[in-house]
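Trainee: Hey, dropping work-v6.txt in here, compact mmCIF, C-alpha atoms and all ligand atoms:
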```
# COMPACT_ATOMS: atom_id res chain seq x y z
CA MET Q 1416 -3.19 -18.48 1.40
CA CYS Q 1417 -4.62 -21.03 3.84
CA PRO Q 1418 -3.26 -20.25 7.34
CA GLN Q 1419 -3.17 -23.98 8.13
CA CYS Q 1420 -1.65 -25.67 5.05
CA GLY Q 1421 -0.41 -22.74 2.93
CA ASN Q 1422 -2.36 -23.76 -0.15
CA GLN Q 1423 -4.24 -21.33 -2.33
CA VAL Q 1424 -7.64 -20.08 -1.17
CA HIS Q 1425 -9.75 -17.47 -2.92
CA PHE Q 1426 -11.54 -14.31 -1.83
CA ASN Q 1427 -14.93 -15.93 -1.22
CA ASN Q 1428 -13.79 -19.25 0.26
CA SER Q 1429 -15.06 -20.22 3.72
CA GLN Q 1430 -13.08 -23.42 3.74
CA CYS Q 1431 -9.73 -24.61 2.41
CA PHE Q 1432 -10.21 -27.12 -0.43
CA THR Q 1433 -6.97 -28.89 0.47
CA CYS Q 1434 -6.93 -29.29 4.28
CA HIS Q 1435 -10.63 -28.47 4.90
CA ALA Q 1436 -9.75 -25.84 7.53
CA VAL Q 1437 -12.76 -23.61 8.20
CA LEU Q 1438 -11.78 -20.04 7.37
CA ALA Q 1439 -12.90 -16.46 7.79
CA TYR Q 1440 -11.50 -13.14 6.62
CA ALA Q 1441 -10.59 -10.27 8.93
CA PRO Q 1442 -11.03 -7.21 6.67
CA LEU Q 1443 -9.18 -4.53 8.63
CA GLU Q 1444 -6.19 -6.82 9.22
CA ASP Q 1445 -6.43 -8.19 5.65
CA GLN Q 1446 -5.95 -11.64 7.08
CA LEU Q 1447 -7.50 -15.02 6.48
CA VAL Q 1448 -7.81 -16.92 9.77
CA GLY Q 1449 -8.64 -20.51 10.71
CA LEU Q 1450 -11.69 -20.95 12.95
CA THR Q 1451 -11.98 -23.17 16.03
CA PRO Q 1452 -14.74 -25.85 16.12
CA ASP Q 1453 -17.05 -23.31 17.81
CA MET Q 1454 -16.53 -21.01 14.79
CA THR Q 1455 -14.42 -18.45 16.64
CA ALA Q 1456 -11.22 -16.80 15.41
CA PRO Q 1457 -8.02 -17.10 17.54
CA SER Q 1458 -8.59 -13.43 18.47
CA GLY Q 1459 -11.96 -14.43 20.02
CA ARG Q 1460 -13.89 -12.67 17.28
CA THR Q 1461 -16.93 -14.37 15.80
CA CYS Q 1462 -18.25 -14.71 12.25
CA CYS Q 1463 -20.66 -12.41 10.48
CA SER Q 1464 -24.18 -13.66 11.21
CA ASN Q 1465 -24.84 -13.67 7.44
CA ARG Q 1466 -22.38 -16.55 7.09
CA GLU Q 1467 -25.04 -19.27 7.24
CA LYS Q 1468 -27.64 -17.26 5.33
CA ILE Q 1469 -25.66 -16.03 2.34
CA GLY Q 1470 -22.14 -17.38 2.72
CA CYS Q 1471 -20.46 -14.19 3.98
CA ASN Q 1472 -16.96 -15.29 5.00
CA TRP Q 1473 -15.97 -12.13 6.91
CA LEU Q 1474 -15.42 -11.76 10.66
CA ARG Q 1475 -17.22 -9.20 12.79
CA GLU Q 1476 -15.11 -6.38 14.20
CA SER Q 1477 -14.41 -6.65 17.94
CA ASN Q 1478 -16.50 -3.54 18.74
CA ASP Q 1479 -19.46 -4.63 16.62
CA SER Q 1480 -22.92 -4.72 18.22
CA THR Q 1481 -24.92 -5.71 15.12
CA GLY Q 1482 -23.75 -9.30 14.67
CA LEU Q 1483 -22.58 -8.40 11.19
CA CYS Q 1484 -19.27 -7.79 9.44
CA LEU Q 1485 -18.15 -4.35 8.28
CA SER Q 1486 -19.59 -4.89 4.81
CA CYS Q 1487 -22.92 -6.50 5.73
CA LEU Q 1488 -23.71 -3.98 8.48
CA HIS Q 1489 -23.87 -1.21 5.87
CA THR Q 1490 -26.83 -2.92 4.23
CA THR Q 1491 -29.94 -1.44 5.80
CA ARG Q 1492 -32.63 -3.10 3.65
CA ILE Q 1493 -32.62 -6.58 2.21
CA PRO Q 1494 -35.16 -8.43 0.08
CA ASP Q 1495 -37.63 -10.99 1.42
CA THR Q 1496 -35.32 -13.87 2.33
CA PHE Q 1497 -38.16 -16.40 2.46
CA ASP Q 1498 -38.14 -16.19 -1.34
CA PRO Q 1499 -35.16 -18.39 -2.34
CA ILE Q 1500 -34.66 -16.51 -5.63
CA LYS Q 1501 -34.47 -13.15 -3.88
CA ALA Q 1502 -32.20 -14.62 -1.18
CA GLY Q 1503 -29.89 -15.77 -3.98
CA HIS Q 1504 -29.87 -12.25 -5.43
CA TRP Q 1505 -29.00 -10.81 -2.03
CA SER Q 1506 -26.14 -13.29 -1.65
CA ARG Q 1507 -24.68 -12.29 -5.03
CA LEU Q 1508 -25.04 -8.60 -4.22
CA GLU Q 1509 -23.24 -8.99 -0.88
CA ARG Q 1510 -20.47 -10.99 -2.55
CA ALA Q 1511 -19.85 -8.12 -4.97
CA LYS Q 1512 -20.18 -5.56 -2.17
CA ARG Q 1513 -17.48 -7.27 -0.09
CA ARG Q 1514 -15.09 -6.63 -2.97
CA LEU Q 1515 -16.08 -2.98 -2.85
CA PHE Q 1516 -15.47 -2.76 0.90
CA TYR Q 1517 -12.19 -4.60 0.53
CA ALA Q 1518 -11.03 -1.86 -1.86
CA LEU Q 1519 -12.38 1.01 0.29
CA ILE Q 1520 -10.38 -0.35 3.23
CA LYS Q 1521 -7.24 -0.89 1.12
CA PHE Q 1522 -7.43 2.65 -0.28
CA GLY Q 1523 -7.94 3.99 3.25
CA LEU Q 1524 -11.07 5.87 2.19
CA PRO Q 1525 -13.14 7.31 5.05
CA LEU Q 1526 -15.96 4.99 6.11
CA GLU Q 1527 -18.44 5.45 8.96
CA PRO Q 1528 -18.45 2.56 11.47
CA GLN Q 1529 -22.26 2.41 11.32
CA PRO Q 1530 -24.81 3.63 8.77
CA ASP Q 1531 -26.78 6.61 10.02
CA ARG Q 1532 -29.64 7.98 7.95
CA THR Q 1533 -29.50 11.41 9.57
CA THR Q 1534 -25.91 12.16 8.56
CA GLY Q 1535 -25.86 10.93 4.96
CA SER Q 1536 -23.49 8.10 5.81
CA LEU Q 1537 -22.95 5.20 3.44
CA MET Q 1538 -25.68 2.56 3.36
CA PHE Q 1539 -27.18 0.13 0.91
CA GLU Q 1540 -30.76 -0.87 0.14
CA PHE Q 1541 -31.37 -3.97 -1.93
CA LEU Q 1542 -34.95 -3.73 -3.17
CA SER Q 1543 -37.20 -5.35 -5.73
CA ASP Q 1544 -39.97 -3.97 -7.91
CA GLU Q 1545 -43.34 -3.86 -6.20
CA ILE Q 1546 -46.64 -4.83 -7.79
CA LYS Q 1547 -49.36 -2.53 -6.53
CA PRO Q 1548 -52.96 -3.76 -5.86
CA ASP Q 1549 -54.04 -2.15 -9.16
CA GLY Q 1550 -51.46 -4.27 -10.99
CA LYS Q 1551 -49.12 -1.36 -11.73
CA VAL Q 1552 -45.44 -2.01 -11.12
CA LYS Q 1553 -43.46 0.36 -8.93
CA ARG Q 1554 -39.95 0.17 -10.34
CA VAL Q 1555 -36.88 0.36 -8.10
CA MET Q 1556 -34.25 2.55 -9.70
CA THR Q 1557 -30.61 1.76 -9.03
CA GLY Q 1558 -28.88 4.91 -7.86
CA HIS Q 1559 -27.50 7.04 -5.04
CA ALA Q 1560 -29.11 9.72 -2.86
CA SER Q 1561 -27.47 11.32 0.22
CA GLY Q 1562 -25.28 8.33 1.05
CA CYS Q 1563 -27.95 5.69 0.39
CA ILE Q 1564 -27.21 3.39 -2.52
CA THR Q 1565 -30.25 1.56 -3.85
CA ILE Q 1566 -29.80 -1.45 -6.07
CA ASN Q 1567 -32.67 -3.21 -7.83
CA ILE Q 1568 -31.97 -6.83 -6.88
CA GLU Q 1569 -32.98 -8.04 -10.34
CA GLU Q 1570 -29.51 -6.83 -11.43
CA ALA Q 1571 -28.21 -9.97 -9.67
CA ASP Q 1572 -30.11 -12.09 -12.21
CA ASP Q 1573 -27.72 -12.76 -15.08
CA ALA Q 1574 -30.42 -12.94 -17.75
CA ILE Q 1575 -32.09 -9.70 -16.68
CA ARG Q 1576 -28.82 -7.82 -16.31
CA GLU Q 1577 -27.77 -9.01 -19.76
CA LYS Q 1578 -31.09 -7.84 -21.19
CA HIS Q 1579 -30.50 -4.35 -19.75
CA ARG Q 1580 -26.92 -4.39 -20.97
CA THR Q 1581 -27.89 -5.07 -24.58
CA ALA Q 1582 -30.86 -2.67 -24.49
CA LEU Q 1583 -28.59 0.13 -23.26
CA ARG Q 1584 -25.76 -0.95 -25.62
CA GLU Q 1585 -23.33 -1.17 -22.72
CA PRO Q 1586 -20.20 -3.26 -23.33
CA TYR Q 1587 -19.85 -3.95 -19.60
CA ARG Q 1588 -22.46 -4.35 -16.87
CA THR Q 1589 -21.73 -6.20 -13.63
CA LEU Q 1590 -22.70 -6.02 -9.97
CA ILE Q 1591 -19.22 -4.96 -8.92
CA GLY Q 1592 -19.37 -2.29 -11.62
CA HIS Q 1593 -22.62 -0.95 -10.12
CA PHE Q 1594 -21.12 -0.80 -6.62
CA ARG Q 1595 -17.94 0.92 -7.77
CA HIS Q 1596 -19.97 3.45 -9.77
CA GLU Q 1597 -22.60 4.25 -7.13
CA VAL Q 1598 -20.10 4.60 -4.29
CA ALA Q 1599 -18.37 7.27 -6.38
CA HIS Q 1600 -21.46 9.49 -6.01
CA TYR Q 1601 -21.24 9.04 -2.23
CA TYR Q 1602 -17.54 10.00 -2.18
CA TRP Q 1603 -18.21 12.93 -4.50
CA GLU Q 1604 -20.45 14.34 -1.77
CA LYS Q 1605 -17.91 13.52 0.97
CA LEU Q 1606 -14.65 14.53 -0.70
CA ILE Q 1607 -15.58 17.10 -3.36
CA VAL Q 1608 -18.61 19.14 -2.25
CA GLY Q 1609 -17.44 22.16 -0.28
CA GLN Q 1610 -13.81 20.98 -0.43
CA ASP Q 1611 -10.65 22.37 -2.03
CA MET Q 1612 -10.87 19.90 -4.91
CA LEU Q 1613 -14.20 21.20 -6.24
CA ASP Q 1614 -12.76 23.64 -8.79
CA ALA Q 1615 -10.22 21.13 -10.06
CA CYS Q 1616 -12.98 18.54 -10.28
CA ARG Q 1617 -15.12 20.88 -12.40
CA ALA Q 1618 -12.12 21.68 -14.61
CA THR Q 1619 -11.59 17.94 -15.18
CA PHE Q 1620 -15.14 16.58 -15.48
CA GLY Q 1621 -17.19 19.68 -16.34
CA ASP Q 1622 -19.57 21.87 -14.36
CA ASP Q 1623 -21.83 19.65 -12.24
CA ARG Q 1624 -24.31 22.54 -11.79
CA ALA Q 1625 -25.77 21.57 -15.18
CA ASP Q 1626 -29.39 20.38 -14.68
CA TYR Q 1627 -29.01 16.66 -13.94
CA GLY Q 1628 -32.53 15.53 -14.87
CA ALA Q 1629 -32.47 17.42 -18.18
CA ALA Q 1630 -28.97 16.12 -18.96
CA LEU Q 1631 -30.04 12.52 -18.38
CA ARG Q 1632 -33.19 12.90 -20.48
CA ALA Q 1633 -31.14 14.41 -23.31
CA HIS Q 1634 -28.62 11.58 -23.03
CA TYR Q 1635 -31.28 8.89 -23.34
CA ALA Q 1636 -33.10 10.76 -26.14
CA ASN Q 1637 -30.09 11.67 -28.29
CA GLY Q 1638 -27.38 9.21 -27.27
CA PRO Q 1639 -23.79 10.19 -26.56
CA ARG Q 1640 -21.93 12.74 -28.65
CA PRO Q 1641 -20.27 11.16 -31.68
CA ASP Q 1642 -16.67 11.71 -30.54
CA TRP Q 1643 -17.26 10.54 -26.94
CA GLN Q 1644 -14.54 7.87 -27.08
CA GLN Q 1645 -11.87 10.59 -27.16
CA SER Q 1646 -12.71 11.99 -23.74
CA PHE Q 1647 -15.02 9.62 -21.88
CA VAL Q 1648 -14.41 6.15 -20.53
CA SER Q 1649 -17.97 5.11 -21.38
CA SER Q 1650 -20.87 6.57 -23.33
CA TYR Q 1651 -22.86 6.95 -20.09
CA ALA Q 1652 -20.07 9.15 -18.72
CA CYS Q 1653 -21.13 11.82 -21.26
CA ALA Q 1654 -24.53 12.14 -19.61
CA HIS Q 1655 -23.46 14.57 -16.85
CA PRO Q 1656 -20.22 15.53 -15.03
CA TRP Q 1657 -21.38 13.46 -11.99
CA GLU Q 1658 -21.67 10.39 -14.18
CA ASP Q 1659 -18.29 11.05 -15.78
CA PHE Q 1660 -16.75 11.27 -12.30
CA ALA Q 1661 -18.51 8.05 -11.21
CA GLU Q 1662 -17.59 6.10 -14.34
CA THR Q 1663 -13.95 7.20 -14.09
CA TRP Q 1664 -13.83 6.42 -10.36
CA ALA Q 1665 -15.26 2.95 -11.02
CA HIS Q 1666 -12.60 2.49 -13.66
CA TYR Q 1667 -9.86 3.37 -11.26
CA PHE Q 1668 -11.18 0.64 -8.94
CA HIS Q 1669 -11.29 -1.82 -11.87
CA MET Q 1670 -7.65 -1.10 -12.66
CA VAL Q 1671 -6.29 -1.36 -9.15
CA GLY Q 1672 -8.39 -4.41 -8.21
CA GLY Q 1673 -7.55 -6.07 -11.52
CA LEU Q 1674 -3.82 -5.55 -11.08
CA GLU Q 1675 -3.86 -6.81 -7.50
CA THR Q 1676 -5.75 -9.94 -8.54
CA ALA Q 1677 -3.41 -10.56 -11.48
CA TYR Q 1678 -0.36 -10.30 -9.24
CA ALA Q 1679 -1.91 -12.65 -6.66
CA TYR Q 1680 -2.00 -15.34 -9.35
CA GLY Q 1681 1.46 -14.64 -10.76
CA LEU Q 1682 0.27 -12.75 -13.84
CA ASN Q 1683 2.41 -9.86 -14.98
CA PRO Q 1684 1.93 -9.47 -18.77
CA GLN Q 1685 4.50 -7.42 -20.64
CA PRO Q 1686 3.93 -4.83 -23.39
CA ILE Q 1687 4.41 -6.40 -26.82
CA ILE Q 1688 6.63 -3.58 -28.09
CA PRO Q 1689 10.11 -4.36 -29.43
CA GLY Q 1690 12.75 -3.18 -26.96
CA ALA Q 1691 10.22 -2.17 -24.27
CA PRO Q 1692 11.66 -2.56 -20.76
CA GLN Q 1693 10.31 -5.43 -18.63
CA LEU Q 1694 7.64 -4.35 -16.17
CA VAL Q 1695 8.29 -5.31 -12.57
CA GLN Q 1696 5.15 -5.90 -10.45
CA LEU Q 1697 4.02 -2.86 -8.48
CA ASP Q 1698 4.46 -3.36 -4.72
CA ASP Q 1699 0.98 -2.15 -3.89
CA PRO Q 1700 -1.37 -1.06 -6.70
CA TYR Q 1701 -3.59 0.67 -4.08
CA HIS Q 1702 -0.85 3.15 -3.29
CA VAL Q 1703 1.36 4.14 -6.21
CA SER Q 1704 2.99 7.56 -6.41
CA ASP Q 1705 2.06 8.15 -10.04
CA HIS Q 1706 -1.16 7.05 -11.77
CA ALA Q 1707 0.81 6.56 -15.02
CA GLN Q 1708 2.51 3.54 -13.38
CA LEU Q 1709 -0.90 1.92 -13.02
CA LEU Q 1710 -1.75 2.52 -16.68
CA GLU Q 1711 1.62 1.21 -17.80
CA HIS Q 1712 0.92 -2.09 -16.04
CA TRP Q 1713 -2.81 -2.22 -16.63
CA VAL Q 1714 -2.81 -1.88 -20.42
CA PRO Q 1715 -0.70 -5.00 -21.21
CA LEU Q 1716 -2.80 -6.96 -18.71
CA THR Q 1717 -6.05 -5.97 -20.44
CA VAL Q 1718 -4.60 -6.78 -23.87
CA ALA Q 1719 -3.65 -10.25 -22.64
CA MET Q 1720 -6.95 -10.80 -20.83
CA ASN Q 1721 -9.00 -9.70 -23.85
CA ALA Q 1722 -7.08 -12.19 -26.00
CA MET Q 1723 -7.67 -14.92 -23.39
CA ASN Q 1724 -11.39 -14.22 -23.31
CA ARG Q 1725 -11.64 -14.21 -27.13
CA ALA Q 1726 -9.78 -17.53 -27.17
CA MET Q 1727 -12.56 -18.97 -24.98
CA GLY Q 1728 -15.37 -17.30 -26.93
CA HIS Q 1729 -16.22 -14.81 -24.17
CA ARG Q 1730 -16.78 -11.10 -24.55
CA ASP Q 1731 -13.79 -8.85 -23.91
CA TYR Q 1732 -12.60 -8.78 -20.31
CA TYR Q 1733 -12.00 -5.05 -20.66
CA PRO Q 1734 -14.08 -3.47 -23.44
CA PHE Q 1735 -12.66 0.05 -23.02
CA ALA Q 1736 -9.94 2.20 -24.55
CA LEU Q 1737 -8.01 4.78 -22.55
CA THR Q 1738 -6.99 8.08 -24.22
CA PRO Q 1739 -4.79 10.91 -22.84
CA VAL Q 1740 -7.91 12.87 -21.78
CA ILE Q 1741 -9.26 9.84 -19.88
CA SER Q 1742 -5.83 9.31 -18.36
CA ASP Q 1743 -5.96 12.88 -16.98
CA LYS Q 1744 -9.34 12.12 -15.45
CA LEU Q 1745 -7.95 8.95 -13.88
CA LYS Q 1746 -5.10 11.06 -12.49
CA PHE Q 1747 -7.65 13.27 -10.75
CA ILE Q 1748 -9.25 10.21 -9.12
CA HIS Q 1749 -5.82 8.85 -8.18
CA ASP Q 1750 -4.77 12.13 -6.55
CA LEU Q 1751 -8.11 12.42 -4.74
CA ILE Q 1752 -7.89 8.91 -3.28
CA GLU Q 1753 -4.20 9.25 -2.45
CA ALA Q 1754 -4.92 12.44 -0.50
CA GLN Q 1755 -7.13 10.51 1.94
ZN ZN H 1 -5.59 -25.47 4.01
ZN ZN H 2 -20.94 -10.23 6.40
ZN ZN H 3 -24.38 7.37 -11.54
```
As a first step, turn the structure in this file into structure tokens.
Mentor:
Amino acid sequence: MCPQCGNQVHFNNSQCFTCHAVLAYAPLEDQLVGLTPDMTAPSGRTCCSNREKIGCNWLRESNDSTGLCLSCLHTTRIPDTFDPIKAGHWSRLERAKRRLFYALIKFGLPLEPQPDRTTGSLMFEFLSDEIKPDGKVKRVMTGHASGCITINIEEADDAIREKHRTALREPYRTLIGHFRHEVAHYYWEKLIVGQDMLDACRATFGDDRADYGAALRAHYANGPRPDWQQSFVSSYACAHPWEDFAETWAHYFHMVGGLETAYAYGLNPQPIIPGAPQLVQLDDPYHVSDHAQLLEHWVPLTVAMNAMNRAMGHRDYYPFALTPVISDKLKFIHDLIEAQ
């Protein structure tokens, strides 16, 4: 809501469409604030220095020394911004990443104030393929290693991402999906390795000591097992227990973020089952006592949204089906996040 006129403003807006107030978002306070003519918040805080460059609408934290907001300062490598196409990719990546950080803050997940390469803290590298002098292309692989999440910036190009999506027969491939998936690998290392939850995690997702490289090669050579839909949220989740954990974690973020967004716009679809009780909006989808409550609300929303998308000729909003086994996996993620 616009702090000046009370009209609707959206997550990425830097200005109110109605009263033209110049706005910025304070992530830790979860507050949209109006800026003074010198672009300062009433608290004296200033804007992220990526505001002009890529339209970041977040405020810096008061103790920040980098000039950047909490989300942007975790990006340690960016593409060549003199190339307008690459700068556009970077902008789209940061826009999706702010949604990730928004959720991490809402869930109360641990987050280092600054990226630090020596401690395996969370950081992001947005890189592009390199053409070597001999003409060979050095591919950038999207993935996670010791806290560092690398994204090939070409994923921000709709046509290229769609090409990969169809080649890999994925029903869903988005930037926000990449961020939610990759950050799961980071939190697996933070919250599971060497922690009490490790045995329960292995009981839920399988033994992660299975050779990862061999598992991935087998997955790409043979495809997923025929009955994967019964127990895995996506075919890629079959590849290895780490990937199952990451895909399920990403899904949990989809559900919670999706419900919060629906509620913000007054959407609260009901199950089309005769005699089913009316669902009352959850107070805070980020913190519910029982994961089953989320599913109960999420399923009717996805049914309605899929029908809406089909009515407009788009692909399904939510091309997934949740089974009892997947629900148990989501419960593990819910309990893990709630414990933080
Ligand atoms: Zn306004
Ligand atoms: Zn920023
Ligand atoms: Zn992964």
Trainee: Can you write out as CSV which residues of range 1487-1552 of chain Q fall within 9 Å of range 1600-1614 of chain Q, alongside each residue's closest atom pair and its distance in Å to one decimal, counting only C-alpha atoms and ordering rows by chain and ascending residue number?
Mentor:
```
residue,atom,partner,partner_atom,distance
Q:Leu1524,CA,Q:Tyr1602,CA,8.8
Q:Pro1525,CA,Q:Lys1605,CA,8.8
Q:Gly1535,CA,Q:Tyr1601,CA,8.8
Q:Ser1536,CA,Q:Tyr1601,CA,8.4
Q:Leu1537,CA,Q:Tyr1601,CA,7.1
```
Trainee: Could you give me, as number ranges by chain, every polymer residue with an atom at most 9 Å away from an atom of ligand ZN 1 (chain H), counting all atoms listed in the file?
Mentor: Q: 1416-1424, 1430-1438, 1449
Trainee: For each of Q:Leu1485, Q:Leu1682, Q:Cys1471, Q:Ala1661, take the minimum atom-to-atom distance to Trp1505 in chain Q, counting all atoms listed in the file, then give the residue where this is smallest.
Mentor: Q:Cys1471
Trainee: Have a look at Q:Gln1685, Q:Ser1486, Q:Gln1693, Q:Thr1565 and name the one nearest to ligand ZN 3 (chain H); count all atoms listed in the file.
Mentor: Q:Thr1565
Trainee: Excluding range 1738-1745 of chain Q and any residue of its chain fewer than 2 positions from it, enumerate the residues within 7 Å of it, using only C-alpha atoms, and give them as a PyMOL selection string.
Mentor: chain Q and resi 1619+1645-1648+1663+1667+1736+1747-1749
Trainee: Please save C-alpha atoms of the selected residues as a CSV table (one decimal), in the frame of the given file.
Mentor:
```
chain,number,residue,atom,x,y,z
Q,1619,THR,CA,-11.6,17.9,-15.2
Q,1645,GLN,CA,-11.9,10.6,-27.2
Q,1646,SER,CA,-12.7,12.0,-23.7
Q,1647,PHE,CA,-15.0,9.6,-21.9
Q,1648,VAL,CA,-14.4,6.2,-20.5
Q,1663,THR,CA,-14.0,7.2,-14.1
Q,1667,TYR,CA,-9.9,3.4,-11.3
Q,1736,ALA,CA,-9.9,2.2,-24.6
Q,1747,PHE,CA,-7.6,13.3,-10.8
Q,1748,ILE,CA,-9.2,10.2,-9.1
Q,1749,HIS,CA,-5.8,8.8,-8.2
```
Trainee: Which residues are near ligand ZN 2 (chain H) in this structure, taking near to mean any atom at most 7 Å from a ligand atom and counting all atoms listed in the file? Format them as an MDAnalysis selection string.
Mentor: chainID Q and resid 1463:1466 1471:1473 1483:1487
Trainee: How would the residues just picked look written out with C-alpha atoms as a compact mmCIF listing (two decimals), in the coordinates of the input?
Mentor:
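Written file, selection-v9.txt:
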```txt
# COMPACT_ATOMS: atom_id res chain seq x y z
CA CYS Q 1463 -20.66 -12.41 10.48
CA SER Q 1464 -24.18 -13.66 11.21
CA ASN Q 1465 -24.84 -13.67 7.44
CA ARG Q 1466 -22.38 -16.55 7.09
CA CYS Q 1471 -20.46 -14.19 3.98
CA ASN Q 1472 -16.96 -15.29 5.00
CA TRP Q 1473 -15.97 -12.13 6.91
CA LEU Q 1483 -22.58 -8.40 11.19
CA CYS Q 1484 -19.27 -7.79 9.44
CA LEU Q 1485 -18.15 -4.35 8.28
CA SER Q 1486 -19.59 -4.89 4.81
CA CYS Q 1487 -22.92 -6.50 5.73
```
Trainee: Would you name the residues within 8 Å of ligand ZN 3 (chain H), counting only C-alpha atoms and all ligand atoms, and put them as a tab-separated table (two decimals) with C-alpha atoms, keeping the file's coordinate frame?
Mentor:
```tsv
chain	number	residue	atom	x	y	z
Q	1558	GLY	CA	-28.88	4.91	-7.86
Q	1559	HIS	CA	-27.50	7.04	-5.04
Q	1596	HIS	CA	-19.97	3.45	-9.77
Q	1597	GLU	CA	-22.60	4.25	-7.13
Q	1599	ALA	CA	-18.37	7.27	-6.38
Q	1600	HIS	CA	-21.46	9.49	-6.01
Q	1657	TRP	CA	-21.38	13.46	-11.99
Q	1658	GLU	CA	-21.67	10.39	-14.18
Q	1661	ALA	CA	-18.51	8.05	-11.21
Q	1662	GLU	CA	-17.59	6.10	-14.34
```
Trainee: Residues at most 9 Å from Arg1595 in chain Q, counting all atoms listed in the file, excluding those fewer than 4 positions away in the same chain, as a list in words?
Mentor: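 So, after excluding close chain neighbours, the residues are Lys1512, Leu1515, Leu1590, Ile1591, Ala1599, Ala1661, Glu1662, Trp1664, Ala1665, His1666, Phe1668 and His1669 of chain Q.
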Trainee: In Å, with one decimal, what is the gap from CA of Ser1543 in chain Q to CA of Ala1518 in chain Q?
Mentor: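 Computed distance, CA of Ser1543 in chain Q to CA of Ala1518 in chain Q, equals 26.7 Å.
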Trainee: Just checking: using all atoms listed in the file, which residue out of Q:Val1671, Q:Thr1717, Q:Ala1511, Q:Ala1654 ends up closest to Pro1684 in chain Q?
Mentor: Q:Thr1717
Trainee: Write out as a list in words the residues lying within 12 Å of Asn1683 in chain Q, counting only C-alpha atoms and excluding same-chain residues fewer than 6 positions away.
Mentor: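 Returned residues: Gly1673, Leu1674, Glu1675, Thr1676, Ala1677, Gln1693, Leu1694, Val1695, Gln1696, Leu1697, Glu1711, His1712, Trp1713, Val1714, Pro1715, Leu1716, Thr1717, Val1718, Ala1719 and Met1720 of chain Q.
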Trainee: Would you pick out the contacts of range 1632-1641 of chain Q at 10 Å or less, using only C-alpha atoms, so that residues sharing its chain but fewer than 2 positions from it are not included, and give the list as a PDB file with C-alpha atoms, in the coordinates of the input?
Mentor:
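File produced: selection_18.pdb:
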```
ATOM      1  CA  LEU Q1583     -28.590   0.130 -23.260  1.00  0.00           C
ATOM      2  CA  TYR Q1627     -29.010  16.660 -13.940  1.00  0.00           C
ATOM      3  CA  GLY Q1628     -32.530  15.530 -14.870  1.00  0.00           C
ATOM      4  CA  ALA Q1629     -32.470  17.420 -18.180  1.00  0.00           C
ATOM      5  CA  ALA Q1630     -28.970  16.120 -18.960  1.00  0.00           C
ATOM      6  CA  TRP Q1643     -17.260  10.540 -26.940  1.00  0.00           C
ATOM      7  CA  GLN Q1644     -14.540   7.870 -27.080  1.00  0.00           C
ATOM      8  CA  GLN Q1645     -11.870  10.590 -27.160  1.00  0.00           C
ATOM      9  CA  PHE Q1647     -15.020   9.620 -21.880  1.00  0.00           C
ATOM     10  CA  SER Q1649     -17.970   5.110 -21.380  1.00  0.00           C
ATOM     11  CA  SER Q1650     -20.870   6.570 -23.330  1.00  0.00           C
ATOM     12  CA  TYR Q1651     -22.860   6.950 -20.090  1.00  0.00           C
ATOM     13  CA  ALA Q1652     -20.070   9.150 -18.720  1.00  0.00           C
ATOM     14  CA  CYS Q1653     -21.130  11.820 -21.260  1.00  0.00           C
ATOM     15  CA  ALA Q1654     -24.530  12.140 -19.610  1.00  0.00           C
ATOM     16  CA  HIS Q1655     -23.460  14.570 -16.850  1.00  0.00           C
TER      17      HIS Q1655
END
```
Trainee: One number please: CA of Phe1522 in chain Q to CA of Met1670 in chain Q, in Å, one decimal.
Mentor: 12.9 Å
Trainee: Hey, can you check how far CA of Tyr1440 in chain Q sits from CA of Thr1455 in chain Q?
Mentor: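 Going from CA of Tyr1440 in chain Q over to CA of Thr1455 in chain Q, I get 11.7 Å.
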Trainee: Applying 10 Å and all atoms listed in the file, which residues near Arg1492 in chain Q remain after dropping the ones on its own chain fewer than 6 positions away? List them as a list of chain:residue names.
Mentor: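 Skipping anything fewer than 6 positions along the chain leaves Q:Met1538, Q:Phe1539, Q:Glu1540, Q:Phe1541, Q:Leu1542, Q:Thr1565.
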Trainee: Would you kindly identify which residues have an atom no farther than 9 Å from (-13.7, -11.7, 20.6), using all atoms listed in the file and the file's own coordinates, and write them out as an NGL selection string?
Mentor: :Q and (1455-1461 or 1475-1478)
Trainee: Given the choices Q:Pro1452, Q:Lys1553, Q:Tyr1732, Q:Asp1623, which gets closest to Thr1589 in chain Q if the distance is worked out from all atoms listed in the file?
Mentor: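 Looking at the shortest contact to Thr1589 in chain Q, the residue is Q:Tyr1732.
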Trainee: Hey, which of Q:Leu1519, Q:Lys1746, Q:Gly1503, Q:Pro1734 ends up closest to Leu1710 in chain Q? Count all atoms listed in the file.
Mentor: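 Checking each of Q:Leu1519, Q:Lys1746, Q:Gly1503, Q:Pro1734 against Leu1710 in chain Q, counting all atoms listed in the file, the winner is Q:Lys1746.
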Trainee: From the set Q:Gly1621, Q:Pro1700, Q:Gly1523, Q:Gly1681, which residue has the shortest atom-to-atom contact distance to Ile1752 in chain Q, counting only C-alpha atoms?
Mentor: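 Closest candidate: Q:Gly1523.
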